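model-v2.cif, holding mmCIF, C-alpha atoms:
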```
data_coords
#
loop_
_atom_site.label_atom_id
_atom_site.label_comp_id
_atom_site.auth_asym_id
_atom_site.auth_seq_id
_atom_site.Cartn_x
_atom_site.Cartn_y
_atom_site.Cartn_z
CA MET G 862 35.11 178.91 167.31
CA LEU G 863 34.61 175.42 168.74
CA PHE G 864 37.68 174.16 166.95
CA SER G 865 39.84 177.00 168.25
CA LYS G 866 38.85 176.19 171.86
CA SER G 867 39.81 172.56 171.32
CA VAL G 868 43.18 173.63 169.93
CA VAL G 869 43.75 175.76 173.04
CA PHE G 870 43.02 172.70 175.19
CA ALA G 871 45.40 170.52 173.18
CA ALA G 872 48.16 173.08 173.71
CA ALA G 873 47.46 173.05 177.45
CA VAL G 874 47.64 169.26 177.52
CA SER G 875 51.00 169.45 175.75
CA VAL G 876 52.39 171.73 178.47
CA VAL G 877 50.97 169.77 181.40
CA ASN G 878 51.05 166.17 180.17
CA GLY G 879 53.42 166.08 177.17
CA LEU G 880 55.58 162.95 177.26
CA ASN G 881 58.18 161.34 175.02
CA ILE G 882 56.64 158.19 173.58
CA LEU G 883 58.02 155.38 171.41
CA VAL G 884 55.48 153.66 169.14
CA THR G 885 56.14 150.26 167.57
CA ASN G 886 54.32 147.11 166.39
CA ASP G 887 54.85 143.75 164.69
CA ASP G 888 52.79 144.39 161.54
CA GLY G 889 55.11 146.98 160.03
CA PHE G 890 55.67 150.71 160.01
CA GLY G 891 53.29 151.38 157.10
CA THR G 892 50.06 149.88 158.44
CA ALA G 893 47.00 151.97 159.16
CA ASN G 894 46.67 150.88 162.80
CA ILE G 895 50.07 152.10 163.96
CA ARG G 896 49.81 155.35 162.02
CA GLU G 897 46.38 156.13 163.47
CA MET G 898 47.57 155.45 167.04
CA TYR G 899 50.60 157.65 166.35
CA LYS G 900 48.35 160.47 165.17
CA ALA G 901 45.99 160.04 168.11
CA ILE G 902 48.72 160.08 170.75
CA LYS G 903 50.23 163.21 169.18
CA ALA G 904 46.81 164.84 169.35
CA PHE G 905 47.15 164.68 173.14
CA GLY G 906 50.26 166.84 172.85
CA HIS G 907 52.89 164.11 173.21
CA ASN G 908 56.21 163.87 171.36
CA ALA G 909 56.03 160.53 169.54
CA TYR G 910 58.42 158.53 167.37
CA ILE G 911 57.64 155.35 165.45
CA VAL G 912 60.36 152.71 165.09
CA ALA G 913 58.90 149.55 163.56
CA SER G 914 59.73 146.76 161.16
CA THR G 915 59.83 147.14 157.38
CA SER G 916 57.41 144.24 156.96
CA ASP G 917 55.05 141.98 158.87
CA GLN G 918 56.88 140.29 161.76
CA SER G 919 53.90 138.65 163.45
CA GLY G 920 54.49 135.63 165.67
CA MET G 921 58.09 136.52 166.52
CA GLY G 922 57.43 136.89 170.24
CA GLY G 923 60.42 138.36 172.04
CA ARG G 924 63.01 137.15 169.49
CA ALA G 925 65.62 139.80 168.73
CA VAL G 926 66.76 139.23 165.14
CA PHE G 927 68.90 141.95 163.56
CA THR G 928 69.36 142.11 159.79
CA THR G 929 72.66 140.92 158.34
CA SER G 930 72.28 143.14 155.26
CA ALA G 931 72.99 146.87 155.24
CA ASN G 932 70.40 147.33 152.49
CA LEU G 933 66.90 146.02 151.88
CA THR G 934 66.86 143.03 149.56
CA ALA G 935 63.14 143.51 148.82
CA ASP G 936 60.63 146.34 148.95
CA SER G 937 59.14 147.12 152.34
CA GLU G 938 55.47 146.39 152.88
CA PHE G 939 53.17 148.34 150.55
CA GLY G 940 56.24 149.40 148.54
CA ILE G 941 56.85 152.45 150.74
CA ILE G 942 60.63 151.86 150.80
CA LYS G 943 62.24 150.23 147.77
CA ALA G 944 64.78 147.41 147.63
CA GLY G 945 68.35 148.70 147.82
CA ALA G 946 67.53 151.40 150.36
CA PRO G 947 69.34 151.25 153.72
CA SER G 948 67.95 148.67 156.13
CA ILE G 949 67.19 151.49 158.55
CA GLY G 950 65.81 154.91 157.71
CA THR G 951 62.91 157.31 157.87
CA ASP G 952 59.55 157.44 156.15
CA PRO G 953 59.65 159.69 153.09
CA ASN G 954 57.05 162.02 154.60
CA ASP G 955 57.78 162.07 158.35
CA SER G 956 61.19 162.20 160.04
CA HIS G 957 59.63 160.90 163.28
CA ILE G 958 58.71 157.61 161.59
CA TRP G 959 61.56 155.09 161.29
CA TYR G 960 61.72 151.64 159.76
CA TYR G 961 64.18 148.85 160.54
CA ASN G 962 64.56 145.42 158.95
CA GLY G 963 64.31 143.39 162.15
CA THR G 964 61.91 141.74 164.56
CA PRO G 965 59.72 143.81 166.92
CA SER G 966 62.03 143.24 169.90
CA ALA G 967 65.02 144.22 167.76
CA CYS G 968 63.18 147.38 166.62
CA VAL G 969 62.66 148.42 170.25
CA GLN G 970 66.34 147.88 171.00
CA VAL G 971 67.41 149.77 167.87
CA ALA G 972 65.10 152.60 168.90
CA LEU G 973 66.44 152.77 172.46
CA ASP G 974 70.12 152.38 171.60
CA TYR G 975 70.43 154.14 168.23
CA VAL G 976 67.48 156.09 166.82
CA LEU G 977 66.30 158.02 169.87
CA PRO G 978 69.73 158.91 171.33
CA ASN G 979 71.02 160.11 167.95
CA PHE G 980 68.02 161.58 166.14
CA ALA G 981 65.35 162.50 168.70
CA SER G 982 65.18 165.19 171.35
CA PHE G 983 65.24 162.48 174.05
CA SER G 984 67.12 159.22 174.66
CA VAL G 985 64.78 157.28 176.94
CA PRO G 986 61.03 157.41 176.31
CA ASP G 987 58.54 157.80 179.14
CA LEU G 988 56.29 155.17 177.59
CA VAL G 989 56.28 152.57 174.81
CA LEU G 990 53.08 151.77 172.90
CA SER G 991 53.05 148.62 170.76
CA GLY G 992 50.42 147.88 168.11
CA PRO G 993 47.56 147.94 167.61
CA ASN G 994 48.00 144.44 166.24
CA TYR G 995 45.79 143.02 163.51
CA GLY G 996 44.26 140.14 165.45
CA THR G 997 43.84 139.56 169.17
CA ASN G 998 46.54 138.20 171.47
CA LEU G 999 44.57 136.51 174.23
CA GLY G 1000 45.89 134.28 177.00
CA PRO G 1001 49.37 133.16 178.09
CA PHE G 1002 50.15 131.16 174.92
CA LEU G 1003 49.80 134.16 172.62
CA TYR G 1004 51.49 136.36 175.23
CA THR G 1005 54.69 134.45 174.51
CA LEU G 1006 54.08 134.14 170.75
CA SER G 1007 53.01 137.68 169.88
CA GLY G 1008 55.55 140.09 168.41
CA THR G 1009 53.34 142.95 169.59
CA ILE G 1010 53.62 141.80 173.19
CA GLY G 1011 57.26 140.77 172.69
CA ALA G 1012 58.12 144.37 171.84
CA THR G 1013 56.21 145.43 174.95
CA TYR G 1014 57.95 143.20 177.44
CA THR G 1015 61.29 144.03 175.83
CA ALA G 1016 60.64 147.66 176.77
CA VAL G 1017 59.43 146.70 180.25
CA GLU G 1018 62.60 144.65 180.80
CA ARG G 1019 64.62 147.70 179.77
CA GLY G 1020 62.87 149.63 182.56
CA ILE G 1021 60.31 151.50 180.44
CA PRO G 1022 56.53 151.31 181.03
CA ALA G 1023 54.81 149.77 178.01
CA ILE G 1024 51.35 148.90 176.72
CA ALA G 1025 50.50 146.32 174.05
CA TYR G 1026 47.34 146.71 171.96
CA SER G 1027 45.71 144.03 169.82
CA GLY G 1028 42.53 144.36 167.78
CA THR G 1029 40.03 141.86 166.49
CA ASN G 1030 39.88 143.50 163.03
CA ALA G 1031 42.49 141.36 161.30
CA VAL G 1032 42.80 142.63 157.70
CA GLN G 1033 46.00 144.65 157.35
CA THR G 1034 45.72 147.85 155.35
CA ALA G 1035 48.20 150.51 154.33
CA TYR G 1036 47.99 153.86 156.07
CA TYR G 1037 47.36 155.60 152.76
CA SER G 1038 44.32 153.39 152.05
CA LEU G 1039 42.47 154.61 155.12
CA ASN G 1040 38.80 155.55 154.80
CA THR G 1041 38.15 159.05 156.04
CA THR G 1042 34.51 158.02 156.31
CA THR G 1043 33.11 154.53 155.83
CA LYS G 1044 29.96 153.67 153.88
CA ALA G 1045 28.17 153.75 157.23
CA GLY G 1046 29.26 157.38 157.70
CA LEU G 1047 31.69 156.49 160.52
CA LYS G 1048 35.43 156.57 161.10
CA ASP G 1049 37.61 153.79 159.71
CA PRO G 1050 38.09 150.91 162.19
CA ALA G 1051 41.83 151.67 162.24
CA THR G 1052 41.13 155.25 163.30
CA ILE G 1053 38.77 154.15 166.08
CA THR G 1054 41.24 151.50 167.25
CA GLY G 1055 44.07 154.04 167.32
CA GLU G 1056 41.97 156.55 169.24
CA LEU G 1057 40.90 153.91 171.77
CA ALA G 1058 44.55 152.99 172.31
CA ALA G 1059 45.61 156.60 172.78
CA ASN G 1060 42.67 157.31 175.09
CA LEU G 1061 43.64 154.48 177.44
CA ALA G 1062 47.29 155.56 177.44
CA GLN G 1063 46.22 159.10 178.28
CA GLN G 1064 44.15 157.85 181.22
CA LEU G 1065 47.22 156.21 182.74
CA ILE G 1066 49.38 159.25 181.97
CA THR G 1067 46.90 161.54 183.68
CA ASN G 1068 46.56 159.33 186.73
CA ALA G 1069 50.34 159.00 187.09
CA LYS G 1070 50.43 162.75 187.84
CA GLY G 1071 53.94 163.28 186.53
CA GLY G 1072 55.40 160.07 187.97
CA ARG G 1073 56.17 156.75 186.31
CA ILE G 1074 53.29 155.49 184.20
CA LEU G 1075 53.67 151.99 185.68
CA PRO G 1076 55.88 150.52 188.40
CA LEU G 1077 59.20 149.01 187.34
CA GLY G 1078 58.69 145.60 185.76
CA TYR G 1079 54.98 146.08 184.98
CA GLY G 1080 53.25 146.29 181.60
CA VAL G 1081 49.72 146.23 180.20
CA THR G 1082 48.20 144.16 177.40
CA VAL G 1083 44.93 145.29 175.82
CA ASN G 1084 42.61 143.48 173.41
CA ILE G 1085 39.99 145.42 171.44
CA PRO G 1086 36.86 143.82 169.96
CA TYR G 1087 35.77 143.90 166.32
CA ILE G 1088 35.02 147.50 165.36
CA THR G 1089 31.90 147.53 163.16
CA SER G 1090 32.20 151.01 161.66
CA PHE G 1091 32.39 149.69 158.08
CA THR G 1092 28.76 148.61 158.33
CA ASP G 1093 27.09 150.06 161.44
CA SER G 1094 27.62 151.65 164.86
CA SER G 1095 26.90 148.57 167.01
CA CYS G 1096 30.51 148.48 168.27
CA VAL G 1097 32.39 151.73 167.76
CA ASN G 1098 32.99 152.74 171.39
CA PRO G 1099 33.70 149.58 173.41
CA PRO G 1100 34.29 149.99 177.15
CA PHE G 1101 37.56 148.93 178.77
CA ILE G 1102 37.16 146.10 181.29
CA GLN G 1103 39.89 145.11 183.75
CA THR G 1104 40.86 141.47 183.24
CA ARG G 1105 43.55 138.90 183.85
CA ILE G 1106 45.50 137.01 181.17
CA THR G 1107 44.40 133.54 182.27
CA GLY G 1108 40.80 132.33 182.25
CA GLY G 1109 39.14 130.71 179.23
CA ALA G 1110 42.39 130.96 177.25
CA ASP G 1111 43.32 128.46 174.57
CA VAL G 1112 46.65 127.04 173.41
CA ASP G 1113 47.65 125.14 170.29
CA SER G 1114 47.61 121.38 169.89
CA ALA G 1115 48.97 119.34 166.96
CA SER G 1116 46.33 117.75 164.74
CA TYR G 1117 47.52 115.04 162.35
CA ASN G 1118 45.84 114.52 158.97
CA ALA G 1119 46.31 110.89 157.96
CA THR G 1120 45.38 111.62 154.33
CA SER G 1121 47.92 114.39 153.74
CA GLY G 1122 50.44 113.20 156.30
CA LEU G 1123 50.65 116.75 157.62
CA PHE G 1124 50.03 118.46 160.93
CA SER G 1125 48.00 121.57 161.62
CA TYR G 1126 47.07 123.28 164.84
CA GLU G 1127 43.84 123.15 166.77
CA ASN G 1128 42.84 125.12 169.84
CA VAL G 1129 42.37 123.50 173.23
CA VAL G 1130 41.54 125.12 176.58
CA PRO G 1131 43.74 123.30 179.11
CA ALA G 1132 43.75 123.78 182.86
CA GLY G 1133 47.50 124.38 182.86
CA ALA G 1134 47.11 127.61 180.87
CA ASN G 1135 44.30 128.92 183.03
CA GLN G 1136 45.52 128.69 186.61
CA CYS G 1137 45.29 131.82 188.73
CA LEU G 1138 48.58 131.96 190.63
CA ASN G 1139 49.12 135.71 190.96
CA GLY G 1140 47.05 138.85 190.97
CA ASP G 1141 43.33 139.22 191.52
CA CYS G 1142 41.63 135.89 190.85
CA SER G 1143 38.20 137.53 190.94
CA LEU G 1144 38.89 139.30 187.64
CA PRO G 1145 37.47 137.72 184.47
CA GLY G 1146 39.83 136.28 181.87
CA GLU G 1147 40.52 138.48 178.87
CA THR G 1148 39.44 135.69 176.52
CA ASP G 1149 36.06 135.47 178.25
CA ILE G 1150 35.53 139.24 178.04
CA LEU G 1151 36.30 139.40 174.31
CA SER G 1152 33.89 136.52 173.69
CA LYS G 1153 31.04 138.61 175.11
CA GLY G 1154 31.11 141.07 172.22
CA CYS G 1155 31.74 144.80 172.37
CA GLN G 1156 34.18 145.02 175.30
CA SER G 1157 37.94 145.59 175.45
CA SER G 1158 40.13 143.75 177.95
CA VAL G 1159 42.90 145.40 179.97
CA SER G 1160 45.31 143.00 181.72
CA ILE G 1161 48.31 144.01 183.82
CA PHE G 1162 51.38 141.77 183.70
CA THR G 1163 54.86 141.65 185.20
CA VAL G 1164 58.08 140.24 183.79
CA ASP G 1165 58.82 138.33 187.00
CA TYR G 1166 58.00 134.73 186.06
CA ASP G 1167 58.98 133.24 189.41
CA ALA G 1168 56.33 131.21 191.19
CA PRO G 1169 54.73 132.93 194.22
CA LEU G 1170 56.49 130.90 196.92
CA GLN G 1171 55.50 133.43 199.53
CA CYS G 1172 53.16 136.38 199.64
CA HIS G 1173 54.51 139.89 199.27
CA ALA G 1174 52.95 143.30 199.04
CA SER G 1175 52.33 144.34 195.44
CA PRO G 1176 51.36 147.86 194.34
CA ASP G 1177 47.70 148.71 193.87
CA LEU G 1178 47.47 149.74 190.22
CA ARG G 1179 43.69 150.08 190.14
CA PRO G 1180 43.84 153.89 190.64
CA LEU G 1181 45.97 154.22 187.48
CA LEU G 1182 43.19 152.68 185.39
CA MET G 1183 40.20 154.51 186.85
CA PRO G 1184 37.68 155.54 185.78
CA LEU G 1185 38.14 154.60 182.11
CA VAL G 1186 38.90 150.93 182.84
CA GLN G 1187 35.94 149.39 184.64
CA TYR G 1188 35.03 146.15 186.35
CA ALA G 1189 32.96 143.67 184.37
CA ASN G 1190 30.07 144.05 186.81
CA SER G 1191 30.05 147.87 186.82
CA SER G 1192 26.54 149.27 186.85
CA ASN G 1193 27.26 152.05 184.34
CA ILE G 1194 29.60 150.93 181.56
CA VAL G 1195 31.36 153.85 179.82
CA GLY G 1196 32.67 153.66 176.25
CA GLY G 1197 36.44 153.54 175.77
CA LEU G 1198 36.46 156.74 173.72
CA ASN G 1199 34.83 158.74 176.49
CA GLY G 1200 36.63 160.66 179.15
CA THR G 1201 39.84 162.12 177.73
CA THR G 1202 40.09 164.86 175.15
CA ALA G 1203 42.38 165.26 172.16
CA VAL G 1204 42.15 167.21 168.92
CA TYR G 1205 42.46 164.86 165.96
CA GLY G 1206 43.43 165.84 162.45
CA ASN G 1207 39.85 166.43 161.31
CA GLY G 1208 39.11 168.84 164.15
CA THR G 1209 37.02 166.36 166.12
CA THR G 1210 37.77 165.41 169.70
CA GLY G 1211 38.53 162.14 171.43
CA SER G 1212 35.41 162.34 173.57
CA SER G 1213 32.47 160.48 172.08
CA SER G 1214 28.77 160.20 172.69
CA SER G 1215 28.46 156.91 170.81
CA SER G 1216 27.15 153.97 172.81
CA ALA G 1217 29.59 151.18 173.56
CA SER G 1218 27.15 148.65 172.13
CA ALA G 1219 23.46 148.14 171.81
CA SER G 1220 23.29 147.10 175.45
CA ALA G 1221 25.88 149.39 177.04
CA SER G 1222 25.02 152.88 178.20
CA THR G 1223 27.25 155.91 178.02
CA SER G 1224 28.09 158.12 180.93
CA THR G 1225 27.33 161.78 181.45
CA THR G 1226 29.91 162.21 184.21
CA THR G 1227 32.78 164.67 183.92
CA ALA G 1228 35.74 163.43 181.88
CA PRO G 1229 38.31 161.66 184.11
CA ILE G 1230 41.26 163.59 182.74
CA SER G 1231 39.55 166.80 183.83
CA ALA G 1232 38.70 165.56 187.30
CA SER G 1233 42.11 164.13 188.13
CA THR G 1234 44.09 167.00 186.68
CA ALA G 1235 41.99 169.59 188.47
CA GLU G 1236 43.11 168.12 191.78
CA ILE G 1237 46.69 168.93 190.85
CA VAL G 1238 46.72 172.39 189.39
CA GLY G 1239 43.80 174.10 191.04
CA VAL G 1240 41.37 176.77 190.02
CA LYS G 1241 42.96 177.91 186.76
CA TRP G 1242 42.93 174.38 185.43
CA ARG G 1243 39.33 173.93 186.54
CA MET G 1244 38.40 176.97 184.48
CA MET G 1245 40.10 175.47 181.42
CA VAL G 1246 38.41 172.14 182.02
CA GLY G 1247 35.08 173.89 182.18
CA MET G 1248 35.75 175.44 178.77
CA VAL G 1249 36.60 172.01 177.36
CA VAL G 1250 33.47 170.41 178.77
CA LEU G 1251 31.36 173.16 177.24
CA THR G 1252 33.14 172.63 173.94
CA ALA G 1253 32.52 168.89 174.06
CA LEU G 1254 28.85 169.41 174.83
CA ALA G 1255 28.50 171.86 171.98
CA LEU G 1256 30.09 169.38 169.58
CA ARG G 1257 27.56 166.63 170.41
#
```
Encoded form using structure tokens:
Amino acid sequence: MLFSKSVVFAAAVSVVNGLNILVTNDDGFGTANIREMYKAIKAFGHNAYIVASTSDQSGMGGRAVFTTSANLTADSEFGIIKAGAPSIGTDPNDSHIWYYNGTPSACVQVALDYVLPNFASFSVPDLVLSGPNYGTNLGPFLYTLSGTIGATYTAVERGIPAIAYSGTNAVQTAYYSLNTTTKAGLKDPATITGELAANLAQQLITNAKGGRILPLGYGVTVNIPYITSFTDSSCVNPPFIQTRITGGADVDSASYNATSGLFSYENVVPAGANQCLNGDCSLPGETDILSKGCQSSVSIFTVDYDAPLQCHASPDLRPLLMPLVQYANSSNIVGGLNGTTAVYGNGTTGSSSSSASASASTSTTTAPISASTAEIVGVKWRMMVGMVVLTALALR
């Protein structure tokens, strides 16, 4: 009975909030992270397509490199697609999942200019989600280096709102090697990471109230802490904290080894990479927030790299993030899985009662998707929200 009520809610979300969403990454189309985010965003009722690289393309930034071979010269990652197959095609088990033998930026362009117009029910997505990457992408240096973020700002430059996600858990795994339940009796870190990513996207979708998810030229980059669900529950529901890209960020320096005659990189934290020139300088740096433990950073960026020679009015995007994305000094920190509701493949919902960490409390306030949507559609929606809240409480 509880499951059937949740299914009813998911159907309602599909009618009210269903969007067309492109999902991509730089780690490859067969990794667990991207597949779990894809599943989680579909659980909110959205129409999603994956178009991602055949293999790991990390560190490519915004480079657009298109294959010069019509066929794969080697197996794709995890052997999902064999050598000799076309350099572009679909996953054997899902026609909404496409691979292409190119960089992340190239995959976004192939998606927008070929895959979606010819094989999907839409040509231009409402939103692009990139990641979740295996490994964080913190600060301005990695912003330019990351293929995950490169795919994101490619979409933003094409006029499409986009969000980049990067996770601290760095060991890449195939989607078919996912743990349904870990030894600690919890969800696989990839599943939790994917659900966190989808939950944040849904918060912005809900707050946009049918309009653009983000203003033209704006994107979001998110970094998620190490999810501990393999061993314990100390960090399985990290809160989202609003941050800025600069602040405590490191860049590479060249370190010479006189014995080997070779160079390697070392990290330095220079002033040049940590100046606050735009935005809210009172926000903490995303690097500093991730260093504190079980907290996720949410930084808003634009693709206008011009220096601020004169002040101009910029849009207030804080309402799009509320209440799921909080300030670092908030008195009641809410876990990132709380607040929105989706029905996942195992019949559970996106709402969670797990604590964000040993020191962070959870909230008992009404889910933000319910509150904001109720303002739009009135009494009938409030009745449905009430049913969902009762369902969520019964599941706890």
- Select, from G:Gly1122, G:Pro965, G:Pro1086, G:Pro1099, the residue with the minimum atom-to-atom distance to G:Ser1152, counting all atoms listed in the file.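 Checking each candidate against G:Ser1152, we get G:Pro1086 as the closest.
Between G:Ala1012 and the candidates G:Ile1194, G:Leu1144, G:Ala1134, G:Ala972, the tightest atom-to-atom separation, counting only C-alpha atoms, involves G:Ala972.
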- Given the choices G:Asn979, G:Asn932, G:Ser1090, G:Ser1160, which gets closest to G:Thr1041 if the distance is worked out from only C-alpha atoms? G:Ser1090
- Find the residues around stretch 1107-1115 of chain G up to 6 Å (only C-alpha atoms counted), leave out those fewer than 4 positions away in its own chain, and share them as an NGL selection string. :G and (1000 or 1002 or 1125-1130 or 1135 or 1146 or 1148-1149)
- Figure out the distance between atom CA of G:Ile1010 and atom CA of G:Gln1156, please, to one decimal in Å.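 Atom CA of G:Ile1010 lies at a distance of 19.8 Å from atom CA of G:Gln1156.
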- So what do you get for atom CA of G:Glu938 versus atom CA of G:Asn954, distance-wise?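 Those two atoms sit 15.8 Å apart.
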Resolved residues for the PyMOL selection byres ((chain G and resi 1073) around 12) as a short mmCIF file (atom, residue, chain, number, x, y, z; two decimals) with C-alpha atoms, keeping the file's coordinate frame:
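File expr_4.cif, as written:
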```
data_model
loop_
_atom_site.label_atom_id
_atom_site.label_comp_id
_atom_site.auth_asym_id
_atom_site.auth_seq_id
_atom_site.Cartn_x
_atom_site.Cartn_y
_atom_site.Cartn_z
CA LEU G 880 55.58 162.95 177.26
CA PRO G 986 61.03 157.41 176.31
CA ASP G 987 58.54 157.80 179.14
CA LEU G 988 56.29 155.17 177.59
CA GLY G 1020 62.87 149.63 182.56
CA ILE G 1021 60.31 151.50 180.44
CA PRO G 1022 56.53 151.31 181.03
CA ALA G 1023 54.81 149.77 178.01
CA LEU G 1065 47.22 156.21 182.74
CA ILE G 1066 49.38 159.25 181.97
CA THR G 1067 46.90 161.54 183.68
CA ASN G 1068 46.56 159.33 186.73
CA ALA G 1069 50.34 159.00 187.09
CA LYS G 1070 50.43 162.75 187.84
CA GLY G 1071 53.94 163.28 186.53
CA GLY G 1072 55.40 160.07 187.97
CA ILE G 1074 53.29 155.49 184.20
CA LEU G 1075 53.67 151.99 185.68
CA PRO G 1076 55.88 150.52 188.40
CA LEU G 1077 59.20 149.01 187.34
CA GLY G 1078 58.69 145.60 185.76
CA TYR G 1079 54.98 146.08 184.98
CA GLY G 1080 53.25 146.29 181.60
CA LEU G 1178 47.47 149.74 190.22
CA LEU G 1181 45.97 154.22 187.48
#
```
- For atom CA of G:Gln1136 and atom CA of G:Arg1105, quote the distance in Å rounded to one decimal.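 Distance reported for this atom pair: 10.8 Å.
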- Message: Env of G:Leu1138: 12 Å cut, atoms = only C-alpha atoms, seq-sep filter 3 positions within chain, self excluded. Answer as a PyMOL selection string.
- Response: chain G and resi 1105-1108+1133-1135+1141-1143+1166-1172
